Every structure is written in C-alpha cells, then in structure tokens.
Amino acid sequence: MTSVTASTTAADPTPVSGERHLRADARRNRDKILVAAESAFRDQGTAVQMEDIARRAAVGVGTLYRHFPTKEALVAELATHRFSGCIADAETALATADPWSAIECFVYSNAEQMATDAGLRDTLALAGMDERVCAREREGLEQRLGVLVERAHAVGSLRADVGVPDVEALMCGLSAAIARGGDWRRLASIVLAGMRGQVRVTVP
C-alpha cells in the first residue's frame with residue numbers, strides 16, 4: 001500500500017509542472033499579442049487586421065483569437081492598459097508638492113502620450129465612447145483627478161468652476177487638437193492657461 005502511495009505522489013508533480021508551463025506560455029503569448037497590437041494600432045489605426053497583429057506577435061491566428069475573440073475585446077484590453085498608465089501619471093502628479101505643478105505634470109504627460117501614439121490614441125478613443133470599458137480604471141482615475149482638483153482649488157491655483165468632468169472634457173478636446181497636427185506642448189499650455197485660477201490681467 002505504501003509503495004502505491006509513494007508512486008502516486010511521485011507522479012503528481014509532472015502534470016502540475018506541465019500545467020504551470022502551459023500557463024506561462026499563455027501569459028507570454030498574451031503579452032506578445034498586446035505589444036504587437038499596440039504597435040499595429042499605432043501604425044495603422046482601426047484599419048489594422050487581426051491577422052497582421054498575429055504575424056507581428058509571431059503567434060498563430062488561433063492563439064490570438066483564444067485570447068481575444070474579437071478586435072473589440074483586444075481594444076478594450078489595450079484601453080485598460082492605457083487607463084492604468086493614466087492612473088500612474090496621476091499618482092506621479094500627486095507626488096508633486098505644489099498643487100498647480102501637479103496639474104501641469106498630469107496634463108503635459110498625457111499630452112505627450114497623445115502625440116506619441118496617434119493611431120493607438122484614435123483607436124482607444126473609440127473604446128472610450130463605451131463607458132462599460134475599463135469601468136474600474138475610469139473610477140480609479142477620476143478619484144485621483146478629484147484629489148488633484150481639490151488640492152489646486154484649496155490654494156486657488158485652479159479656477160473654482162473647473163471640476164473633474166471639465167478636466168476630462170478638456171483632455172478629450174486636447175487629444176482632438178493634437179490629432180489635427182498641433183504642437184502638443186503649445187496646445188497643453190493653452191489648456192492649462194484656461195484652467196489657471198487667480199489670473200492677473202495688467203491693463204496698460
């Protein structure tokens with residue numbers, strides 16, 4: 001009886017190890033697909049084909065569809081990653097001591113990303129129209145923006161009538177302006193100037 005138990009125990013690690021290997025392979029393939037998709041959408045925008053993404057990722061089309069059954073599912077995952085990046089930007093801004101400098105940090109960082117990833121930006125804009133996509137990430141970003149806005153309001157460096165929805169709307173407008181070929185630094189500075197509180201006008 002003892003020998004049977006020992007034999008069974010010795011055999012157990014094999015399938016467990018094999019299962020872990022498969023899971024690791026699946027994670028690697030998923031990561032490769034996401035990297036390839038970002039590159040493909042950046043180059044081609046919404047016109048990119050799933051087959052092209054599979055070629056870039058060096059995986060089979062079947063593998064791609066197992067992870068992402070539709071292009072919409074893939075775009076939603078990319079949007080989740082991008083929102084996570086925005087949250088990281090907001091946290092970096094929150095670490096800035098001066099409330100207005102924190103607002104500037106967030107706006108300039110996002111404007112630069114918009115200018116760098118044109119095709120991907122347009123693709124994710126479509127995903128952004130569906131509020132069900134990245135709901136948790138959207139909430140996390142809004143919470144952090146709320147803290148940034150409250151801090152700036154407290155010292156009067158942000159216009160009192162500017163709230164989180166206004167900041168989000170202005171960032172969408174900034175994205176559209178950058179998409180038309182405008183210089184992102186200049187456009188971001190214009191948006192920030194409009195948000196600035198306690199602006200002193202010198203009358204000649």
# chains A, B, ... in the order shown; residues from 1 in each chain; ligands from 1
$ closest_atom_pairs --of "range 30-125 of chain A" --to "range 177-194 of chain A" --cutoff "8 Å" --atoms "only C-alpha atoms" --output "JSON lines"
{"residue": "A:Glu104", "atom": "CA", "partner": "A:Leu192", "partner_atom": "CA", "distance": 7.0}
{"residue": "A:Val107", "atom": "CA", "partner": "A:Ala188", "partner_atom": "CA", "distance": 6.7}
{"residue": "A:Tyr108", "atom": "CA", "partner": "A:Ala188", "partner_atom": "CA", "distance": 6.2}
{"residue": "A:Ala111", "atom": "CA", "partner": "A:Trp184", "partner_atom": "CA", "distance": 5.9}
{"residue": "A:Glu112", "atom": "CA", "partner": "A:Trp184", "partner_atom": "CA", "distance": 6.5}
{"residue": "A:Met114", "atom": "CA", "partner": "A:Ile178", "partner_atom": "CA", "distance": 7.1}
{"residue": "A:Ala115", "atom": "CA", "partner": "A:Ile178", "partner_atom": "CA", "distance": 6.3}
{"residue": "A:Ala118", "atom": "CA", "partner": "A:Ala179", "partner_atom": "CA", "distance": 6.8}
$ residues_around --residues "Gly140 in chain A" --least-positions-apart "4" --cutoff "8 Å" --atoms "only C-alpha atoms" --output "list of chain:residue names"
A:Ile87, A:Arg136, A:Arg144
$ write_last_selection --atoms "N, CA and C atoms" --output "short mmCIF file (atom, residue, chain, number, x, y, z; two decimals), in the first residue's frame"
data_model
loop_
_atom_site.label_atom_id
_atom_site.label_comp_id
_atom_site.auth_asym_id
_atom_site.auth_seq_id
_atom_site.Cartn_x
_atom_site.Cartn_y
_atom_site.Cartn_z
N ILE A 87 -3.51 56.43 -14.74
CA ILE A 87 -3.56 56.39 -13.28
C ILE A 87 -2.16 56.56 -12.70
N ARG A 136 -13.58 50.10 -13.89
CA ARG A 136 -12.84 50.21 -12.63
C ARG A 136 -11.68 51.18 -12.77
N ARG A 144 -8.39 59.97 -8.44
CA ARG A 144 -7.10 60.66 -8.34
C ARG A 144 -7.18 62.08 -8.91
#
$ atom_distance --atom1 "CA of Gly197 in chain A" --atom2 "CA of Leu94 in chain A"
18.7 Å
$ closest_residue --among "A:Leu64, A:Ala102, A:Arg42, A:Ser109" --to "Glu150 in chain A" --atoms "only C-alpha atoms"
A:Ala102
$ closest_residue --among "A:Thr116, A:Gln44, A:Thr80, A:Asn29" --to "Gly62 in chain A" --atoms "only C-alpha atoms"
A:Asn29
$ atom_distance --atom1 "CA of Ser39 in chain A" --atom2 "CA of Asp25 in chain A"
21.3 Å
$ residues_around --residues "range 151-163 of chain A" --least-positions-apart "4" --cutoff "12 Å" --atoms "only C-alpha atoms" --output "CSV table (one decimal) with N, CA, C and O atoms, in the first residue's frame"
chain,number,residue,atom,x,y,z
A,93,ALA,N,1.8,62.8,-10.5
A,93,ALA,CA,1.4,64.2,-10.3
A,93,ALA,C,1.1,64.4,-8.8
A,93,ALA,O,1.4,65.5,-8.3
A,94,LEU,N,0.4,63.5,-8.2
A,94,LEU,CA,0.0,63.7,-6.8
A,94,LEU,C,1.2,63.7,-5.9
A,94,LEU,O,1.2,64.3,-4.8
A,95,ALA,N,2.3,63.1,-6.3
A,95,ALA,CA,3.6,63.2,-5.5
A,95,ALA,C,4.3,64.5,-5.6
A,95,ALA,O,5.2,64.8,-4.9
A,96,THR,N,3.8,65.4,-6.5
A,96,THR,CA,4.3,66.8,-6.7
A,96,THR,C,3.7,67.7,-5.6
A,96,THR,O,2.5,67.7,-5.4
A,97,ALA,N,4.6,68.3,-4.9
A,97,ALA,CA,4.2,69.1,-3.7
A,97,ALA,C,3.3,70.3,-4.1
A,97,ALA,O,2.2,70.5,-3.5
A,98,ASP,N,3.6,71.0,-5.1
A,98,ASP,CA,2.8,72.2,-5.5
A,98,ASP,C,1.6,71.8,-6.3
A,98,ASP,O,1.7,71.1,-7.3
A,99,PRO,N,0.4,72.1,-5.8
A,99,PRO,CA,-0.8,71.7,-6.4
A,99,PRO,C,-0.9,72.1,-7.9
A,99,PRO,O,-1.4,71.2,-8.7
A,100,TRP,N,-0.5,73.3,-8.3
A,100,TRP,CA,-0.6,73.6,-9.7
A,100,TRP,C,0.4,72.9,-10.6
A,100,TRP,O,0.1,72.5,-11.7
A,101,SER,N,1.6,72.7,-10.0
A,101,SER,CA,2.6,72.0,-10.7
A,101,SER,C,2.2,70.5,-11.0
A,101,SER,O,2.5,69.9,-12.0
A,102,ALA,N,1.4,70.0,-10.0
A,102,ALA,CA,0.8,68.7,-10.1
A,102,ALA,C,-0.1,68.6,-11.3
A,102,ALA,O,-0.1,67.6,-12.1
A,103,ILE,N,-1.0,69.6,-11.4
A,103,ILE,CA,-1.9,69.7,-12.6
A,103,ILE,C,-1.2,69.7,-13.9
A,103,ILE,O,-1.5,69.0,-14.9
A,104,GLU,N,-0.2,70.6,-13.9
A,104,GLU,CA,0.7,70.7,-15.1
A,104,GLU,C,1.3,69.4,-15.5
A,104,GLU,O,1.4,69.0,-16.7
A,142,GLU,N,-10.6,58.9,-12.0
A,142,GLU,CA,-11.4,60.0,-11.6
A,142,GLU,C,-11.2,60.3,-10.1
A,142,GLU,O,-11.2,61.5,-9.7
A,143,GLN,N,-11.0,59.3,-9.3
A,143,GLN,CA,-10.7,59.6,-7.9
A,143,GLN,C,-9.4,60.3,-7.7
A,143,GLN,O,-9.3,61.3,-6.9
A,144,ARG,N,-8.4,60.0,-8.4
A,144,ARG,CA,-7.1,60.7,-8.3
A,144,ARG,C,-7.2,62.1,-8.9
A,144,ARG,O,-6.6,63.0,-8.4
A,145,LEU,N,-7.9,62.2,-10.0
A,145,LEU,CA,-8.1,63.6,-10.5
A,145,LEU,C,-8.9,64.4,-9.5
A,145,LEU,O,-8.6,65.6,-9.4
A,146,GLY,N,-9.8,63.8,-8.8
A,146,GLY,CA,-10.5,64.6,-7.8
A,146,GLY,C,-9.6,65.1,-6.7
A,146,GLY,O,-9.8,66.3,-6.3
A,147,VAL,N,-8.6,64.4,-6.3
A,147,VAL,CA,-7.7,64.8,-5.3
A,147,VAL,C,-6.8,66.0,-5.9
A,147,VAL,O,-6.6,67.0,-5.2
A,167,VAL,N,-12.1,68.8,-16.5
A,167,VAL,CA,-10.7,68.3,-16.9
A,167,VAL,C,-10.7,67.2,-17.9
A,167,VAL,O,-10.0,67.2,-18.9
A,168,GLU,N,-11.6,66.2,-17.7
A,168,GLU,CA,-11.7,65.1,-18.6
A,168,GLU,C,-12.2,65.6,-20.0
A,168,GLU,O,-11.6,65.2,-21.0
A,169,ALA,N,-13.1,66.5,-20.1
A,169,ALA,CA,-13.6,67.1,-21.3
A,169,ALA,C,-12.5,67.9,-22.0
A,169,ALA,O,-12.3,67.7,-23.3
A,170,LEU,N,-11.7,68.6,-21.3
A,170,LEU,CA,-10.6,69.4,-21.8
A,170,LEU,C,-9.5,68.5,-22.4
A,170,LEU,O,-8.9,68.8,-23.4
A,191,VAL,N,-4.5,75.0,-22.8
A,191,VAL,CA,-5.5,74.4,-22.0
A,191,VAL,C,-5.2,74.8,-20.5
A,191,VAL,O,-6.1,75.1,-19.8
A,192,LEU,N,-4.0,74.7,-20.1
A,192,LEU,CA,-3.6,75.0,-18.7
A,192,LEU,C,-3.9,76.5,-18.4
A,192,LEU,O,-4.3,76.8,-17.3
A,193,ALA,N,-3.6,77.3,-19.4
A,193,ALA,CA,-3.9,78.8,-19.1
A,193,ALA,C,-5.3,79.0,-18.9
A,193,ALA,O,-5.7,79.9,-18.1
A,194,GLY,N,-6.2,78.3,-19.6
A,194,GLY,CA,-7.6,78.4,-19.4
A,194,GLY,C,-8.1,77.9,-18.1
A,194,GLY,O,-9.2,78.3,-17.6
A,195,MET,N,-7.4,76.9,-17.5
A,195,MET,CA,-7.8,76.3,-16.2
A,195,MET,C,-7.2,77.1,-15.0
A,195,MET,O,-7.7,76.9,-13.9
A,196,ARG,N,-6.2,77.9,-15.3
A,196,ARG,CA,-5.5,78.6,-14.2
A,196,ARG,C,-6.4,79.5,-13.4
A,196,ARG,O,-7.2,80.3,-14.0
A,197,GLY,N,-6.3,79.5,-12.1
A,197,GLY,CA,-7.0,80.4,-11.3
A,197,GLY,C,-6.2,81.6,-10.9
A,197,GLY,O,-5.0,81.7,-11.1
A,198,GLN,N,-6.9,82.7,-10.4
A,198,GLN,CA,-6.3,83.9,-10.0
A,198,GLN,C,-5.3,84.5,-11.1
A,198,GLN,O,-4.2,84.8,-10.8
A,199,VAL,N,-5.8,84.5,-12.3
A,199,VAL,CA,-5.0,85.1,-13.4
A,199,VAL,C,-5.1,86.6,-13.3
A,199,VAL,O,-6.2,87.2,-13.3
A,200,ARG,N,-4.0,87.3,-13.2
A,200,ARG,CA,-3.9,88.7,-13.1
A,200,ARG,C,-3.8,89.3,-14.5
A,200,ARG,O,-2.9,89.0,-15.2
$ atom_distance --atom1 "CA of Asp166 in chain A" --atom2 "CA of Ala90 in chain A"
16.0 Å
$ closest_residue --among "A:Ala58, A:Val48, A:Gly173, A:Cys105" --to "Leu148 in chain A" --atoms "only C-alpha atoms"
A:Cys105
$ residues_around --residues "Cys134 in chain A" --least-positions-apart "3" --cutoff "8 Å" --atoms "only C-alpha atoms" --output "PDB file with N, CA, C and O atoms, in the first residue's frame"
ATOM      1  N   ALA A  76     -10.377  46.798 -26.000  1.00  0.00           N
ATOM      2  CA  ALA A  76     -10.773  47.028 -24.606  1.00  0.00           C
ATOM      3  C   ALA A  76      -9.606  46.737 -23.665  1.00  0.00           C
ATOM      4  O   ALA A  76      -9.381  47.462 -22.690  1.00  0.00           O
ATOM      5  N   ALA A  79      -7.157  49.515 -23.956  1.00  0.00           N
ATOM      6  CA  ALA A  79      -7.682  50.686 -23.260  1.00  0.00           C
ATOM      7  C   ALA A  79      -7.462  50.561 -21.753  1.00  0.00           C
ATOM      8  O   ALA A  79      -7.135  51.542 -21.077  1.00  0.00           O
ATOM      9  N   THR A  80      -7.624  49.353 -21.242  1.00  0.00           N
ATOM     10  CA  THR A  80      -7.388  49.114 -19.817  1.00  0.00           C
ATOM     11  C   THR A  80      -5.945  49.438 -19.457  1.00  0.00           C
ATOM     12  O   THR A  80      -5.672  50.092 -18.444  1.00  0.00           O
ATOM     13  N   PHE A  83      -5.502  53.260 -19.559  1.00  0.00           N
ATOM     14  CA  PHE A  83      -6.070  53.900 -18.376  1.00  0.00           C
ATOM     15  C   PHE A  83      -5.177  53.667 -17.162  1.00  0.00           C
ATOM     16  O   PHE A  83      -5.013  54.556 -16.321  1.00  0.00           O
ATOM     17  N   GLU A 131     -18.707  53.431 -21.946  1.00  0.00           N
ATOM     18  CA  GLU A 131     -18.361  53.607 -20.542  1.00  0.00           C
ATOM     19  C   GLU A 131     -18.228  52.282 -19.801  1.00  0.00           C
ATOM     20  O   GLU A 131     -17.741  52.242 -18.670  1.00  0.00           O
ATOM     21  N   GLU A 137     -10.977  51.119 -13.920  1.00  0.00           N
ATOM     22  CA  GLU A 137      -9.851  52.024 -14.148  1.00  0.00           C
ATOM     23  C   GLU A 137     -10.324  53.472 -14.272  1.00  0.00           C
ATOM     24  O   GLU A 137      -9.673  54.400 -13.782  1.00  0.00           O
ATOM     25  N   ARG A 138     -11.459  53.670 -14.929  1.00  0.00           N
ATOM     26  CA  ARG A 138     -12.018  55.020 -15.058  1.00  0.00           C
ATOM     27  C   ARG A 138     -12.309  55.597 -13.669  1.00  0.00           C
ATOM     28  O   ARG A 138     -11.997  56.762 -13.377  1.00  0.00           O
TER      29      ARG A 138
END
$ decode --residues "range 184-198 of chain A" --atoms "all heavy atoms" --output "PDB file, in the first residue's frame"
ATOM      1  N   TRP A 184       1.915  69.607 -29.315  1.00  0.00           N
ATOM      2  CA  TRP A 184       1.279  69.202 -28.071  1.00  0.00           C
ATOM      3  C   TRP A 184       1.662  70.078 -26.884  1.00  0.00           C
ATOM      4  O   TRP A 184       0.839  70.342 -26.008  1.00  0.00           O
ATOM      5  CB  TRP A 184       1.559  67.736 -27.776  1.00  0.00           C
ATOM      6  CG  TRP A 184       2.988  67.379 -27.444  1.00  0.00           C
ATOM      7  CD1 TRP A 184       3.942  66.955 -28.315  1.00  0.00           C
ATOM      8  CD2 TRP A 184       3.597  67.416 -26.159  1.00  0.00           C
ATOM      9  NE1 TRP A 184       5.125  66.717 -27.664  1.00  0.00           N
ATOM     10  CE2 TRP A 184       4.939  66.992 -26.332  1.00  0.00           C
ATOM     11  CE3 TRP A 184       3.166  67.751 -24.879  1.00  0.00           C
ATOM     12  CZ2 TRP A 184       5.840  66.904 -25.270  1.00  0.00           C
ATOM     13  CZ3 TRP A 184       4.060  67.665 -23.818  1.00  0.00           C
ATOM     14  CH2 TRP A 184       5.378  67.249 -24.018  1.00  0.00           C
ATOM     15  N   ARG A 185       2.903  70.561 -26.870  1.00  0.00           N
ATOM     16  CA  ARG A 185       3.322  71.407 -25.748  1.00  0.00           C
ATOM     17  C   ARG A 185       2.541  72.724 -25.752  1.00  0.00           C
ATOM     18  O   ARG A 185       2.067  73.182 -24.711  1.00  0.00           O
ATOM     19  CB  ARG A 185       4.821  71.689 -25.835  1.00  0.00           C
ATOM     20  CG  ARG A 185       5.705  70.471 -25.593  1.00  0.00           C
ATOM     21  CD  ARG A 185       7.162  70.843 -25.694  1.00  0.00           C
ATOM     22  NE  ARG A 185       8.038  69.695 -25.548  1.00  0.00           N
ATOM     23  CZ  ARG A 185       8.351  68.860 -26.543  1.00  0.00           C
ATOM     24  NH1 ARG A 185       7.837  69.064 -27.749  1.00  0.00           N
ATOM     25  NH2 ARG A 185       9.138  67.824 -26.341  1.00  0.00           N
ATOM     26  N   ARG A 186       2.452  73.345 -26.927  1.00  0.00           N
ATOM     27  CA  ARG A 186       1.741  74.620 -27.046  1.00  0.00           C
ATOM     28  C   ARG A 186       0.265  74.449 -26.704  1.00  0.00           C
ATOM     29  O   ARG A 186      -0.315  75.262 -25.966  1.00  0.00           O
ATOM     30  CB  ARG A 186       1.907  75.169 -28.464  1.00  0.00           C
ATOM     31  CG  ARG A 186       1.122  76.445 -28.739  1.00  0.00           C
ATOM     32  CD  ARG A 186       1.413  76.987 -30.139  1.00  0.00           C
ATOM     33  NE  ARG A 186       0.540  78.107 -30.451  1.00  0.00           N
ATOM     34  CZ  ARG A 186      -0.674  77.972 -30.967  1.00  0.00           C
ATOM     35  NH1 ARG A 186      -1.159  76.768 -31.235  1.00  0.00           N
ATOM     36  NH2 ARG A 186      -1.413  79.036 -31.225  1.00  0.00           N
ATOM     37  N   LEU A 187      -0.351  73.402 -27.247  1.00  0.00           N
ATOM     38  CA  LEU A 187      -1.776  73.180 -27.002  1.00  0.00           C
ATOM     39  C   LEU A 187      -2.039  72.888 -25.527  1.00  0.00           C
ATOM     40  O   LEU A 187      -3.019  73.368 -24.957  1.00  0.00           O
ATOM     41  CB  LEU A 187      -2.278  72.032 -27.878  1.00  0.00           C
ATOM     42  CG  LEU A 187      -2.301  72.318 -29.385  1.00  0.00           C
ATOM     43  CD1 LEU A 187      -2.568  71.047 -30.167  1.00  0.00           C
ATOM     44  CD2 LEU A 187      -3.347  73.383 -29.712  1.00  0.00           C
ATOM     45  N   ALA A 188      -1.165  72.116 -24.912  1.00  0.00           N
ATOM     46  CA  ALA A 188      -1.329  71.812 -23.489  1.00  0.00           C
ATOM     47  C   ALA A 188      -1.207  73.079 -22.656  1.00  0.00           C
ATOM     48  O   ALA A 188      -1.955  73.277 -21.685  1.00  0.00           O
ATOM     49  CB  ALA A 188      -0.295  70.784 -23.042  1.00  0.00           C
ATOM     50  N   SER A 189      -0.284  73.952 -23.041  1.00  0.00           N
ATOM     51  CA  SER A 189      -0.109  75.206 -22.293  1.00  0.00           C
ATOM     52  C   SER A 189      -1.341  76.106 -22.421  1.00  0.00           C
ATOM     53  O   SER A 189      -1.710  76.808 -21.472  1.00  0.00           O
ATOM     54  CB  SER A 189       1.149  75.942 -22.772  1.00  0.00           C
ATOM     55  OG  SER A 189       0.978  76.455 -24.086  1.00  0.00           O
ATOM     56  N   ILE A 190      -1.989  76.065 -23.588  1.00  0.00           N
ATOM     57  CA  ILE A 190      -3.210  76.856 -23.788  1.00  0.00           C
ATOM     58  C   ILE A 190      -4.333  76.329 -22.892  1.00  0.00           C
ATOM     59  O   ILE A 190      -5.058  77.111 -22.252  1.00  0.00           O
ATOM     60  CB  ILE A 190      -3.639  76.826 -25.266  1.00  0.00           C
ATOM     61  CG1 ILE A 190      -2.622  77.585 -26.128  1.00  0.00           C
ATOM     62  CG2 ILE A 190      -5.034  77.424 -25.444  1.00  0.00           C
ATOM     63  CD1 ILE A 190      -2.847  77.444 -27.619  1.00  0.00           C
ATOM     64  N   VAL A 191      -4.479  75.006 -22.839  1.00  0.00           N
ATOM     65  CA  VAL A 191      -5.493  74.399 -21.971  1.00  0.00           C
ATOM     66  C   VAL A 191      -5.229  74.762 -20.514  1.00  0.00           C
ATOM     67  O   VAL A 191      -6.140  75.137 -19.768  1.00  0.00           O
ATOM     68  CB  VAL A 191      -5.505  72.861 -22.158  1.00  0.00           C
ATOM     69  CG1 VAL A 191      -6.346  72.199 -21.073  1.00  0.00           C
ATOM     70  CG2 VAL A 191      -6.050  72.496 -23.535  1.00  0.00           C
ATOM     71  N   LEU A 192      -3.981  74.671 -20.106  1.00  0.00           N
ATOM     72  CA  LEU A 192      -3.621  74.980 -18.723  1.00  0.00           C
ATOM     73  C   LEU A 192      -3.885  76.454 -18.400  1.00  0.00           C
ATOM     74  O   LEU A 192      -4.344  76.783 -17.298  1.00  0.00           O
ATOM     75  CB  LEU A 192      -2.156  74.638 -18.472  1.00  0.00           C
ATOM     76  CG  LEU A 192      -1.857  73.136 -18.356  1.00  0.00           C
ATOM     77  CD1 LEU A 192      -0.364  72.866 -18.487  1.00  0.00           C
ATOM     78  CD2 LEU A 192      -2.372  72.600 -17.021  1.00  0.00           C
ATOM     79  N   ALA A 193      -3.606  77.326 -19.365  1.00  0.00           N
ATOM     80  CA  ALA A 193      -3.856  78.754 -19.144  1.00  0.00           C
ATOM     81  C   ALA A 193      -5.339  79.012 -18.901  1.00  0.00           C
ATOM     82  O   ALA A 193      -5.715  79.858 -18.072  1.00  0.00           O
ATOM     83  CB  ALA A 193      -3.361  79.558 -20.344  1.00  0.00           C
ATOM     84  N   GLY A 194      -6.194  78.281 -19.596  1.00  0.00           N
ATOM     85  CA  GLY A 194      -7.631  78.439 -19.412  1.00  0.00           C
ATOM     86  C   GLY A 194      -8.123  77.892 -18.082  1.00  0.00           C
ATOM     87  O   GLY A 194      -9.159  78.321 -17.569  1.00  0.00           O
ATOM     88  N   MET A 195      -7.385  76.946 -17.511  1.00  0.00           N
ATOM     89  CA  MET A 195      -7.763  76.337 -16.244  1.00  0.00           C
ATOM     90  C   MET A 195      -7.217  77.106 -15.042  1.00  0.00           C
ATOM     91  O   MET A 195      -7.704  76.943 -13.921  1.00  0.00           O
ATOM     92  CB  MET A 195      -7.244  74.889 -16.182  1.00  0.00           C
ATOM     93  CG  MET A 195      -7.861  73.960 -17.202  1.00  0.00           C
ATOM     94  SD  MET A 195      -6.946  72.383 -17.321  1.00  0.00           S
ATOM     95  CE  MET A 195      -7.091  71.752 -15.649  1.00  0.00           C
ATOM     96  N   ARG A 196      -6.233  77.930 -15.286  1.00  0.00           N
ATOM     97  CA  ARG A 196      -5.493  78.590 -14.208  1.00  0.00           C
ATOM     98  C   ARG A 196      -6.392  79.541 -13.420  1.00  0.00           C
ATOM     99  O   ARG A 196      -7.159  80.311 -13.979  1.00  0.00           O
ATOM    100  CB  ARG A 196      -4.326  79.379 -14.807  1.00  0.00           C
ATOM    101  CG  ARG A 196      -3.300  79.866 -13.779  1.00  0.00           C
ATOM    102  CD  ARG A 196      -2.431  78.710 -13.329  1.00  0.00           C
ATOM    103  NE  ARG A 196      -1.170  79.156 -12.783  1.00  0.00           N
ATOM    104  CZ  ARG A 196      -0.916  79.301 -11.486  1.00  0.00           C
ATOM    105  NH1 ARG A 196      -1.860  79.105 -10.602  1.00  0.00           N
ATOM    106  NH2 ARG A 196       0.287  79.650 -11.067  1.00  0.00           N
ATOM    107  N   GLY A 197      -6.290  79.480 -12.119  1.00  0.00           N
ATOM    108  CA  GLY A 197      -7.028  80.387 -11.262  1.00  0.00           C
ATOM    109  C   GLY A 197      -6.210  81.619 -10.918  1.00  0.00           C
ATOM    110  O   GLY A 197      -4.994  81.661 -11.108  1.00  0.00           O
ATOM    111  N   GLN A 198      -6.904  82.657 -10.436  1.00  0.00           N
ATOM    112  CA  GLN A 198      -6.262  83.891  -9.982  1.00  0.00           C
ATOM    113  C   GLN A 198      -5.333  84.483 -11.054  1.00  0.00           C
ATOM    114  O   GLN A 198      -4.185  84.839 -10.787  1.00  0.00           O
ATOM    115  CB  GLN A 198      -5.470  83.661  -8.692  1.00  0.00           C
ATOM    116  CG  GLN A 198      -6.353  83.262  -7.515  1.00  0.00           C
ATOM    117  CD  GLN A 198      -5.565  83.106  -6.234  1.00  0.00           C
ATOM    118  OE1 GLN A 198      -4.348  82.909  -6.230  1.00  0.00           O
ATOM    119  NE2 GLN A 198      -6.256  83.191  -5.106  1.00  0.00           N
TER     120      GLN A 198
END
